[in-house]
Every structure is written in C-alpha cells, then in structure tokens.
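> This is the structure I have questions about; it appears just below.
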Amino acid sequence: DMAAQVDAAWWHYRMGDSGTFCLVRGQPFELIRQAGAEQDVIFRDDRGGRVLTYSFGAGAEIGYAAPSDIPIADGRPYTVETRNGTKAATIATVRFVPIAAPADPLALARSLAANRCTSQIQSLSNETAIADANPERP
C-alpha cells in the first residue's frame, strides 16, 4: 500500500509546528521533538476539552504514536503544550486530518491539497524534485 511506501516524513508531527497535518487513518505516526525538550506533550482539544498526553522515553527525539495512544478527533483544533513538572507551555495549535491511505502519488497530492496539509505538500514537492534530479535513486 502507498502509505507504507511514502516517505515517513509525510506522516509526522514536529512538536512546535502549527497548521494542518494529514495522517493515514488508523496508522501510527511519528512525533518528533527537539533534543532536550520536555518529555510530556499534551494535545488539548480546543472544542471538547479532552486532554491527550504522549510521553517520550527519556532522551528520545522520536516517538511513534498509535491511534490508541492519541485518539485524534477528525479535523478538530488542538493546542499543543509541553509540561515540565507542573509548568505547562503552549507551543502550537494544530489540526490533524485522518485520510485514507493514498493509492498513488497523484492521489496523495490531491488528498493533501484537499485537506490543506501544506507542509506535507511542500515535502512531496521537495521529494519529487530530488527524485527528478536523481533518477537512479530508489
């Protein structure tokens, strides 16, 4: 399936980035944080008040969130916070959009555009440019 073939960078959320991010419905996605950042990340549902917490392992910069770890509500806005002890700091506002696994690169581009997942459109564009410049690259 295309989701397994697509560069993992398209299915990630980098802590601190704001905007809309597409995720493959029912599939895990990467959470990326800067080295030395707080261990706990909180996703606060701005409409429903639900709070979801993801804890990185000590020293880990990448985490893999299963849908059961962070059950994101389709298209709802979330405030992203980090927590250091009892002190929380807001770092971003995001909206996650679960999408069907794309069948091919064109379907991927259409789905990203339709859902306004602009940072991922840029990643797709960059990857396409690199592949065009390096035809022998797998």
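Following the order of the structure tokens, first chain is A, next is B, and so on, with residues numbered from 1 inside each chain and ligands from 1 in the order they appear.
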Tell me, as a PyMOL selection string, which residues lie within 10 Å of range 57-73 of chain A, counting only C-alpha atoms; anything in the same chain fewer than 6 positions away does not count.

chain A and resi 12-14+23-40+42-43+45+48+50-51+95-98

> Give me, as CSV, each residue of range 8-90 of chain A that comes within 12 Å of range 104-120 of chain A, together with its shortest interatomic pair and the distance in Å at one decimal, counting only C-alpha atoms, with rows ordered by chain and rising residue number.


residue,atom,partner,partner_atom,distance
A:Ala8,CA,A:Gln120,CA,10.8
A:Ala9,CA,A:Gln120,CA,8.2
A:Trp10,CA,A:Gln120,CA,5.6
A:Trp11,CA,A:Gln120,CA,8.3
A:His12,CA,A:Gln120,CA,9.2
A:Tyr13,CA,A:Gln120,CA,10.2
A:Arg14,CA,A:Ser119,CA,10.8
A:Asp17,CA,A:Ser119,CA,9.5
A:Ser18,CA,A:Ser119,CA,9.8
A:Gly19,CA,A:Cys117,CA,7.7
A:Thr20,CA,A:Cys117,CA,5.1
A:Phe21,CA,A:Cys117,CA,5.1
A:Cys22,CA,A:Cys117,CA,5.9
A:Leu23,CA,A:Cys117,CA,9.7
A:Val24,CA,A:Leu108,CA,10.5
A:Asp74,CA,A:Asn115,CA,11.3
A:Gly75,CA,A:Asn115,CA,9.3

> Got a sec to tell me which of chain A DSSP assigns to alpha helix (DSSP H), as a ChimeraX atom specification?

/A:2-5,105-114,118-133

> Mind pulling up the distance from CA of Met15 in chain A to CA of Ala89 in chain A?

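Atom-to-atom, CA of Ala89 in chain A and CA of Met15 in chain A are spaced 12.1 Å apart.
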
> When DSSP is applied to the backbone of this structure, which of chain A are assigned strand (DSSP E or B)? Write them out as a PyMOL selection string.

chain A and resi 12-14+19-24+29-32+40-45+51-55+62-65+77-84+87-99

> Which distance in Å separates CA of Gly16 in chain A and CA of Ile121 in chain A, to one decimal?

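Result for CA of Gly16 in chain A versus CA of Ile121 in chain A: 18.5 Å, one decimal.
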
> How far is it from CA of Thr79 in chain A to CA of Ser125 in chain A, in Å with one decimal?

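Calculated distance between CA of Thr79 in chain A and CA of Ser125 in chain A is 27.9 Å.
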